[in-house]
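Input: a single structure, listed below in structure tokens.
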Amino acid sequence: MSNPTLLKSFTAGAAISPFRLVKLSAAETVIQSAATTDLFIGVSNEVGAASGERQDVVLDGVAFVEAGAAFALGAYIGSDASGRGITAAPAAGVNNRIIGLALEAASAAGDVVRVLVCPGSFQG
């Protein structure tokens, strides 16, 4: 059984590690996300890229994401400062962006788990 995804290739605007949340830069390249407020568009695939190289990005479907900390199954996933997935937990009245929902729990930073990619935002 396959897991269909929407995959698009972009030029990397800086080095990108595998399984990281990415966003578009002003130069119309992709770069790693650095905060839960970033407007991320997807997740880098299992092959990272150096600046100027092509980077495949999962825009929709199921992607593997490297965890920046432990999170629960079903958690809304945002980004830490290194583009790794963390639980999006905004304070009251604060907006956070999410890349999607955790389809597996992460027990620690460095775990690589499946996430349903469905970018959006929510308010605490």
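Ordered as shown in the structure tokens, chains take letters A, B, and onward, while each chain numbers its residues from 1 and ligands are numbered from 1 in the order shown.
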
Closest atom pairs, segment 15-50 of chain A residues within 9 Å of segment 64-75 of chain A, only C-alpha atoms, as CSV:
residue,atom,partner,partner_atom,distance
A:Pro18,CA,A:Glu66,CA,8.0
A:Phe19,CA,A:Val65,CA,4.6
A:Arg20,CA,A:Val65,CA,6.0
A:Leu21,CA,A:Val65,CA,7.5
A:Val43,CA,A:Val65,CA,7.1
A:Ser44,CA,A:Val65,CA,8.3
A:Asn45,CA,A:Phe64,CA,7.5
A:Glu46,CA,A:Phe64,CA,8.0

Which parts of chain A does DSSP call strand (DSSP E) when run on the backbone here, written out as a VMD selection string?
chain A and resid 6 to 11 21 to 24 30 to 32 40 to 44 54 to 66 76 to 79 85 to 87 95 to 102 112 to 123

Expected file contents, prior selection, C-alpha atoms, as an mmCIF file, in the first residue's frame:
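Writing done, so here's again02.cif:
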data_model
loop_
_atom_site.group_PDB
_atom_site.id
_atom_site.type_symbol
_atom_site.label_atom_id
_atom_site.label_comp_id
_atom_site.auth_asym_id
_atom_site.auth_seq_id
_atom_site.Cartn_x
_atom_site.Cartn_y
_atom_site.Cartn_z
ATOM 1 C CA LEU A 6 2.437 15.938 -2.995
ATOM 2 C CA LEU A 7 6.164 16.429 -3.483
ATOM 3 C CA LYS A 8 7.717 19.520 -5.095
ATOM 4 C CA SER A 9 11.356 20.347 -5.760
ATOM 5 C CA PHE A 10 12.704 23.772 -4.738
ATOM 6 C CA THR A 11 16.133 25.410 -4.676
ATOM 7 C CA LEU A 21 10.084 21.864 8.466
ATOM 8 C CA VAL A 22 10.814 24.352 5.688
ATOM 9 C CA LYS A 23 9.509 27.743 4.613
ATOM 10 C CA LEU A 24 9.849 29.938 1.548
ATOM 11 C CA VAL A 30 13.292 27.089 0.694
ATOM 12 C CA ILE A 31 15.074 27.317 4.032
ATOM 13 C CA GLN A 32 14.657 25.516 7.340
ATOM 14 C CA PHE A 40 6.239 26.814 6.783
ATOM 15 C CA ILE A 41 5.034 25.088 3.659
ATOM 16 C CA GLY A 42 6.189 21.501 4.103
ATOM 17 C CA VAL A 43 8.847 19.036 5.209
ATOM 18 C CA SER A 44 12.196 18.201 3.601
ATOM 19 C CA ARG A 54 17.488 21.062 -5.219
ATOM 20 C CA GLN A 55 15.401 20.030 -2.201
ATOM 21 C CA ASP A 56 12.304 17.845 -2.431
ATOM 22 C CA VAL A 57 9.579 19.037 -0.043
ATOM 23 C CA VAL A 58 6.460 17.126 1.041
ATOM 24 C CA LEU A 59 3.652 19.697 0.701
ATOM 25 C CA ASP A 60 0.726 17.368 1.468
ATOM 26 C CA GLY A 61 0.279 13.813 2.711
ATOM 27 C CA VAL A 62 2.363 11.910 5.234
ATOM 28 C CA ALA A 63 5.958 12.988 5.885
ATOM 29 C CA PHE A 64 8.648 11.919 8.317
ATOM 30 C CA VAL A 65 9.645 14.705 10.738
ATOM 31 C CA GLU A 66 12.580 14.781 13.149
ATOM 32 C CA TYR A 76 -0.308 19.819 16.536
ATOM 33 C CA ILE A 77 3.273 20.097 15.274
ATOM 34 C CA GLY A 78 5.176 23.377 14.991
ATOM 35 C CA SER A 79 8.876 24.132 14.589
ATOM 36 C CA GLY A 85 8.965 19.209 15.054
ATOM 37 C CA ILE A 86 7.664 20.218 18.479
ATOM 38 C CA THR A 87 4.234 20.501 20.054
ATOM 39 C CA ASN A 95 -1.072 32.477 17.076
ATOM 40 C CA ASN A 96 1.157 29.528 16.162
ATOM 41 C CA ARG A 97 1.642 27.956 12.765
ATOM 42 C CA ILE A 98 1.454 24.184 12.448
ATOM 43 C CA ILE A 99 2.701 21.825 9.785
ATOM 44 C CA GLY A 100 0.190 19.145 10.740
ATOM 45 C CA LEU A 101 -0.757 16.378 13.171
ATOM 46 C CA ALA A 102 1.508 13.737 14.716
ATOM 47 C CA VAL A 112 11.815 10.533 13.307
ATOM 48 C CA VAL A 113 8.043 10.066 13.188
ATOM 49 C CA ARG A 114 5.179 10.305 10.723
ATOM 50 C CA VAL A 115 3.202 13.551 10.526
ATOM 51 C CA LEU A 116 0.105 14.284 8.462
ATOM 52 C CA VAL A 117 1.113 17.446 6.570
ATOM 53 C CA CYS A 118 -1.748 19.939 6.642
ATOM 54 C CA PRO A 119 -0.290 23.426 7.227
ATOM 55 C CA GLY A 120 -2.381 25.865 9.196
ATOM 56 C CA SER A 121 -2.466 27.947 12.357
ATOM 57 C CA PHE A 122 -4.276 28.097 15.664
ATOM 58 C CA GLN A 123 -4.567 30.438 18.609
#

May I ask for the distance between atom CA of Ser25 of chain A and atom CA of Glu53 of chain A, given in Å to one decimal place?
14.7 Å

How many Å separate atom CA of Ile16 of chain A from atom CA of Pro90 of chain A?
25.8 Å
